[in-house]
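Student: Sharing model08.txt (compact mmCIF, C-alpha atoms) below.
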# COMPACT_ATOMS: atom_id res chain seq x y z
CA MET A 144 -3.39 4.47 16.80
CA ASP A 145 -0.97 6.82 15.04
CA LYS A 146 -2.25 8.86 12.10
CA ILE A 147 -0.32 9.22 8.84
CA ASN A 148 -0.85 11.31 5.70
CA ILE A 149 -1.44 10.03 2.18
CA THR A 150 -1.16 12.58 -0.65
CA PHE A 151 -2.78 11.80 -4.01
CA ILE A 152 -0.68 13.88 -6.41
CA PRO A 153 -2.89 13.62 -9.57
CA ASN A 154 -5.93 14.61 -7.47
CA ASP A 155 -4.73 18.20 -6.86
CA ASN A 156 -2.37 16.92 -4.14
CA LYS A 157 -5.33 15.92 -1.99
CA THR A 158 -3.99 14.85 1.41
CA ILE A 159 -5.88 12.63 3.82
CA SER A 160 -5.12 11.46 7.34
CA VAL A 161 -5.57 7.74 8.09
CA ASP A 162 -4.52 5.21 10.70
CA ALA A 163 -1.01 3.79 10.29
CA GLY A 164 -1.28 0.34 8.70
CA SER A 165 -4.10 1.36 6.36
CA ASN A 166 -4.51 -0.20 2.92
CA LEU A 167 -3.71 2.34 0.21
CA LEU A 168 -6.62 1.50 -2.10
CA ARG A 169 -9.19 1.32 0.70
CA ALA A 170 -8.04 4.71 1.99
CA SER A 171 -8.34 6.12 -1.54
CA LEU A 172 -11.86 4.74 -1.93
CA ARG A 173 -13.02 5.95 1.49
CA GLU A 174 -11.66 9.47 1.03
CA LYS A 175 -12.10 9.85 -2.77
CA GLY A 176 -8.35 9.88 -3.44
CA GLY A 177 -8.86 8.79 -7.04
CA ILE A 178 -6.59 5.76 -7.50
CA PRO A 179 -8.10 3.76 -10.42
CA PHE A 180 -9.34 0.25 -9.59
CA LYS A 181 -11.50 -2.62 -10.83
CA CYS A 182 -11.15 -5.79 -8.75
CA GLY A 183 -9.52 -4.66 -5.49
CA GLY A 184 -7.95 -8.10 -5.06
CA GLY A 185 -4.64 -7.96 -6.91
CA PHE A 186 -5.87 -9.72 -10.04
CA CYS A 187 -6.39 -6.99 -12.65
CA GLY A 188 -3.47 -4.59 -12.17
CA THR A 189 -5.65 -1.48 -12.56
CA CYS A 190 -4.60 0.08 -9.23
CA ARG A 191 -0.93 0.26 -10.23
CA CYS A 192 0.49 3.41 -8.70
CA LYS A 193 3.86 4.94 -7.94
CA VAL A 194 4.91 5.80 -4.40
CA VAL A 195 6.75 9.04 -5.17
CA GLU A 196 7.71 9.73 -1.56
CA GLY A 197 7.68 7.46 1.48
CA LEU A 198 8.31 4.10 -0.17
CA GLU A 199 10.11 3.08 3.02
CA HIS A 200 6.76 3.42 4.82
CA THR A 201 5.12 0.66 2.76
CA ASP A 202 4.97 -3.04 3.57
CA ASP A 203 6.71 -5.80 1.59
CA VAL A 204 5.76 -6.44 -2.04
CA LYS A 205 3.27 -9.32 -2.33
CA ALA A 206 3.30 -12.23 -4.80
CA LYS A 207 0.13 -10.88 -6.47
CA GLU A 208 1.99 -7.62 -7.20
CA ARG A 209 4.82 -9.53 -8.89
CA LYS A 210 2.35 -10.67 -11.56
CA HIS A 211 1.92 -7.04 -12.63
CA LEU A 212 5.25 -5.43 -11.70
CA THR A 213 8.82 -6.18 -12.74
CA ASP A 214 11.79 -5.90 -10.37
CA GLU A 215 12.58 -2.60 -12.11
CA ASP A 216 9.03 -1.34 -11.47
CA VAL A 217 9.30 -2.17 -7.76
CA ALA A 218 12.73 -0.52 -7.55
CA ASN A 219 11.20 2.60 -9.13
CA GLY A 220 8.43 2.76 -6.53
CA PHE A 221 5.54 1.12 -8.38
CA ARG A 222 3.06 -0.83 -6.23
CA MET A 223 -0.46 -2.22 -6.48
CA ALA A 224 -2.59 -0.02 -4.20
CA CYS A 225 -4.91 -2.90 -3.26
CA GLN A 226 -1.97 -4.89 -1.89
CA THR A 227 -0.07 -2.03 -0.20
CA PHE A 228 -0.31 -1.07 3.46
CA VAL A 229 1.30 2.14 4.69
CA ARG A 230 2.94 2.80 8.06
CA GLY A 231 4.02 6.41 7.49
CA ASP A 232 3.45 9.40 5.25
CA VAL A 233 3.39 8.69 1.50
CA LYS A 234 2.76 10.58 -1.72
CA VAL A 235 1.34 8.56 -4.60
CA SER A 236 0.79 9.10 -8.30
CA TRP A 237 -0.69 6.97 -11.10
CA GLY A 238 -1.07 6.92 -14.84
CA GLU A 239 2.67 6.46 -15.42
CA THR A 240 3.83 3.57 -17.56
CA SER A 241 5.79 0.84 -15.81
CA SER A 242 8.28 -1.41 -17.64
CA LYS A 243 5.83 -4.35 -17.62
CA GLU A 244 3.23 -2.23 -19.46
CA THR A 245 5.89 -1.15 -21.97
CA GLN A 246 6.80 -4.81 -22.60
CA LYS A 247 3.13 -5.69 -23.28
CA ARG A 248 2.91 -3.00 -25.96
CA ALA A 249 6.12 -4.06 -27.73
Here is a file; write its structure as C-alpha cells.
Tutor:
Amino acid sequence: MDKINITFIPNDNKTISVDAGSNLLRASLREKGGIPFKCGGGFCGTCRCKVVEGLEHTDDVKAKERKHLTDEDVANGFRMACQTFVRGDVKVSWGETSSKETQKRA
C-alpha cells in the first residue's frame, strides 16, 4: 500500500507517514498528532480541523460533518477528522473558528 504524509501544523509541524486511505483522527491518535477529540464518531464536533494543504486528497464530506460544518466551512477546508480519510499528503491545523461556531456565539 502507498504511504502518504500527514503534517500536524499546531504540533510543531509533526509529520507522520501512514497508509493511503487512513482515517485522519485515527492516524492522529496512533501517532500523537494532537487533533482534539471526544467521541470519535461524528457526533460532538470536537475534532473539527482545517486541511490547509491537500484538501483534494480527502474523501467526500459526510452527512455527519454537515451537522457541524456549513458550506462555507467546507469550502474553506474545514473537516471533521473522525470522518475524513486521506489518499495523499495533507497538512492540517485546528483551533480556528469556523462560520458555524461563529453563528453559535452570536
Student: Quick one: distance from CA of Lys207 (chain A) to CA of Gly231 (chain A) in Å, one decimal?
Tutor: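 Pair CA of Lys207 (chain A) / CA of Gly231 (chain A) returns 22.6 Å.
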Student: Skipping near chain neighbours, those fewer than 4 positions away, what residues fall within 7 Å of region 182-197 of chain A using all atoms listed in the file, listed as a list in words?
Tutor: Ile178, Lys207, Glu208, His211, Gly220, Phe221, Arg222, Met223, Ala224, Cys225, Gln226, Asp232, Val233, Lys234, Val235, Ser236 and Trp237 of chain A
Student: To one decimal place in Å, what is the distance between CA of Thr201 (chain A) and CA of Arg230 (chain A)?
Tutor: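 Distance between the two atoms: 6.1 Å.
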Student: What is the distance, in Å and to one decimal place, between CA of Met144 (chain A) and CA of Val229 (chain A)?
Tutor: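 It comes out at 13.2 Å.
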Student: With distances taken over all atoms listed in the file, which of A:Leu198, A:Lys205, A:Glu174, A:Asn148 is nearest to Ala218 (chain A)?
Tutor: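 When distances to Ala218 (chain A) are compared using all atoms listed in the file, the smallest one comes from A:Leu198.
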Student: What would region 187-204 of chain A look like with N, CA and C atoms restored, written as a PDB file, in the coordinates of the input?
Tutor:
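The resulting file, selection14.pdb, is reproduced below:
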ATOM      1  N   CYS A 187      -6.282  -7.705 -11.372  1.00  0.00           N
ATOM      2  CA  CYS A 187      -6.390  -6.990 -12.650  1.00  0.00           C
ATOM      3  C   CYS A 187      -5.231  -6.046 -12.952  1.00  0.00           C
ATOM      4  N   GLY A 188      -4.575  -5.517 -11.947  1.00  0.00           N
ATOM      5  CA  GLY A 188      -3.470  -4.590 -12.170  1.00  0.00           C
ATOM      6  C   GLY A 188      -3.876  -3.138 -12.371  1.00  0.00           C
ATOM      7  N   THR A 189      -5.168  -2.836 -12.292  1.00  0.00           N
ATOM      8  CA  THR A 189      -5.650  -1.480 -12.560  1.00  0.00           C
ATOM      9  C   THR A 189      -5.166  -0.462 -11.528  1.00  0.00           C
ATOM     10  N   CYS A 190      -4.967  -0.869 -10.290  1.00  0.00           N
ATOM     11  CA  CYS A 190      -4.600   0.080  -9.230  1.00  0.00           C
ATOM     12  C   CYS A 190      -3.091   0.311  -9.118  1.00  0.00           C
ATOM     13  N   ARG A 191      -2.376   0.015 -10.201  1.00  0.00           N
ATOM     14  CA  ARG A 191      -0.930   0.260 -10.230  1.00  0.00           C
ATOM     15  C   ARG A 191      -0.691   1.747  -9.966  1.00  0.00           C
ATOM     16  N   CYS A 192       0.174   2.028  -9.018  1.00  0.00           N
ATOM     17  CA  CYS A 192       0.490   3.410  -8.700  1.00  0.00           C
ATOM     18  C   CYS A 192       1.980   3.504  -8.368  1.00  0.00           C
ATOM     19  N   LYS A 193       2.456   4.723  -8.274  1.00  0.00           N
ATOM     20  CA  LYS A 193       3.860   4.940  -7.940  1.00  0.00           C
ATOM     21  C   LYS A 193       3.933   5.686  -6.619  1.00  0.00           C
ATOM     22  N   VAL A 194       4.673   5.123  -5.672  1.00  0.00           N
ATOM     23  CA  VAL A 194       4.910   5.800  -4.400  1.00  0.00           C
ATOM     24  C   VAL A 194       6.078   6.747  -4.650  1.00  0.00           C
ATOM     25  N   VAL A 195       5.763   8.019  -4.803  1.00  0.00           N
ATOM     26  CA  VAL A 195       6.750   9.040  -5.170  1.00  0.00           C
ATOM     27  C   VAL A 195       7.609   9.417  -3.973  1.00  0.00           C
ATOM     28  N   GLU A 196       6.987   9.467  -2.809  1.00  0.00           N
ATOM     29  CA  GLU A 196       7.710   9.730  -1.560  1.00  0.00           C
ATOM     30  C   GLU A 196       7.178   8.793  -0.484  1.00  0.00           C
ATOM     31  N   GLY A 197       8.083   8.293   0.356  1.00  0.00           N
ATOM     32  CA  GLY A 197       7.680   7.460   1.480  1.00  0.00           C
ATOM     33  C   GLY A 197       7.633   5.975   1.203  1.00  0.00           C
ATOM     34  N   LEU A 198       8.316   5.530   0.148  1.00  0.00           N
ATOM     35  CA  LEU A 198       8.310   4.100  -0.170  1.00  0.00           C
ATOM     36  C   LEU A 198       8.754   3.250   1.018  1.00  0.00           C
ATOM     37  N   GLU A 199       9.636   3.807   1.835  1.00  0.00           N
ATOM     38  CA  GLU A 199      10.110   3.080   3.020  1.00  0.00           C
ATOM     39  C   GLU A 199       9.009   2.868   4.053  1.00  0.00           C
ATOM     40  N   HIS A 200       7.885   3.555   3.889  1.00  0.00           N
ATOM     41  CA  HIS A 200       6.760   3.420   4.820  1.00  0.00           C
ATOM     42  C   HIS A 200       5.708   2.421   4.322  1.00  0.00           C
ATOM     43  N   THR A 201       6.047   1.674   3.266  1.00  0.00           N
ATOM     44  CA  THR A 201       5.120   0.660   2.760  1.00  0.00           C
ATOM     45  C   THR A 201       5.570  -0.729   3.204  1.00  0.00           C
ATOM     46  N   ASP A 202       4.639  -1.668   3.189  1.00  0.00           N
ATOM     47  CA  ASP A 202       4.970  -3.040   3.570  1.00  0.00           C
ATOM     48  C   ASP A 202       5.668  -3.760   2.407  1.00  0.00           C
ATOM     49  N   ASP A 203       6.002  -5.018   2.608  1.00  0.00           N
ATOM     50  CA  ASP A 203       6.710  -5.800   1.590  1.00  0.00           C
ATOM     51  C   ASP A 203       5.825  -6.057   0.375  1.00  0.00           C
ATOM     52  N   VAL A 204       6.463  -6.151  -0.782  1.00  0.00           N
ATOM     53  CA  VAL A 204       5.760  -6.440  -2.040  1.00  0.00           C
ATOM     54  C   VAL A 204       5.209  -7.867  -1.976  1.00  0.00           C
TER      55      VAL A 204
END
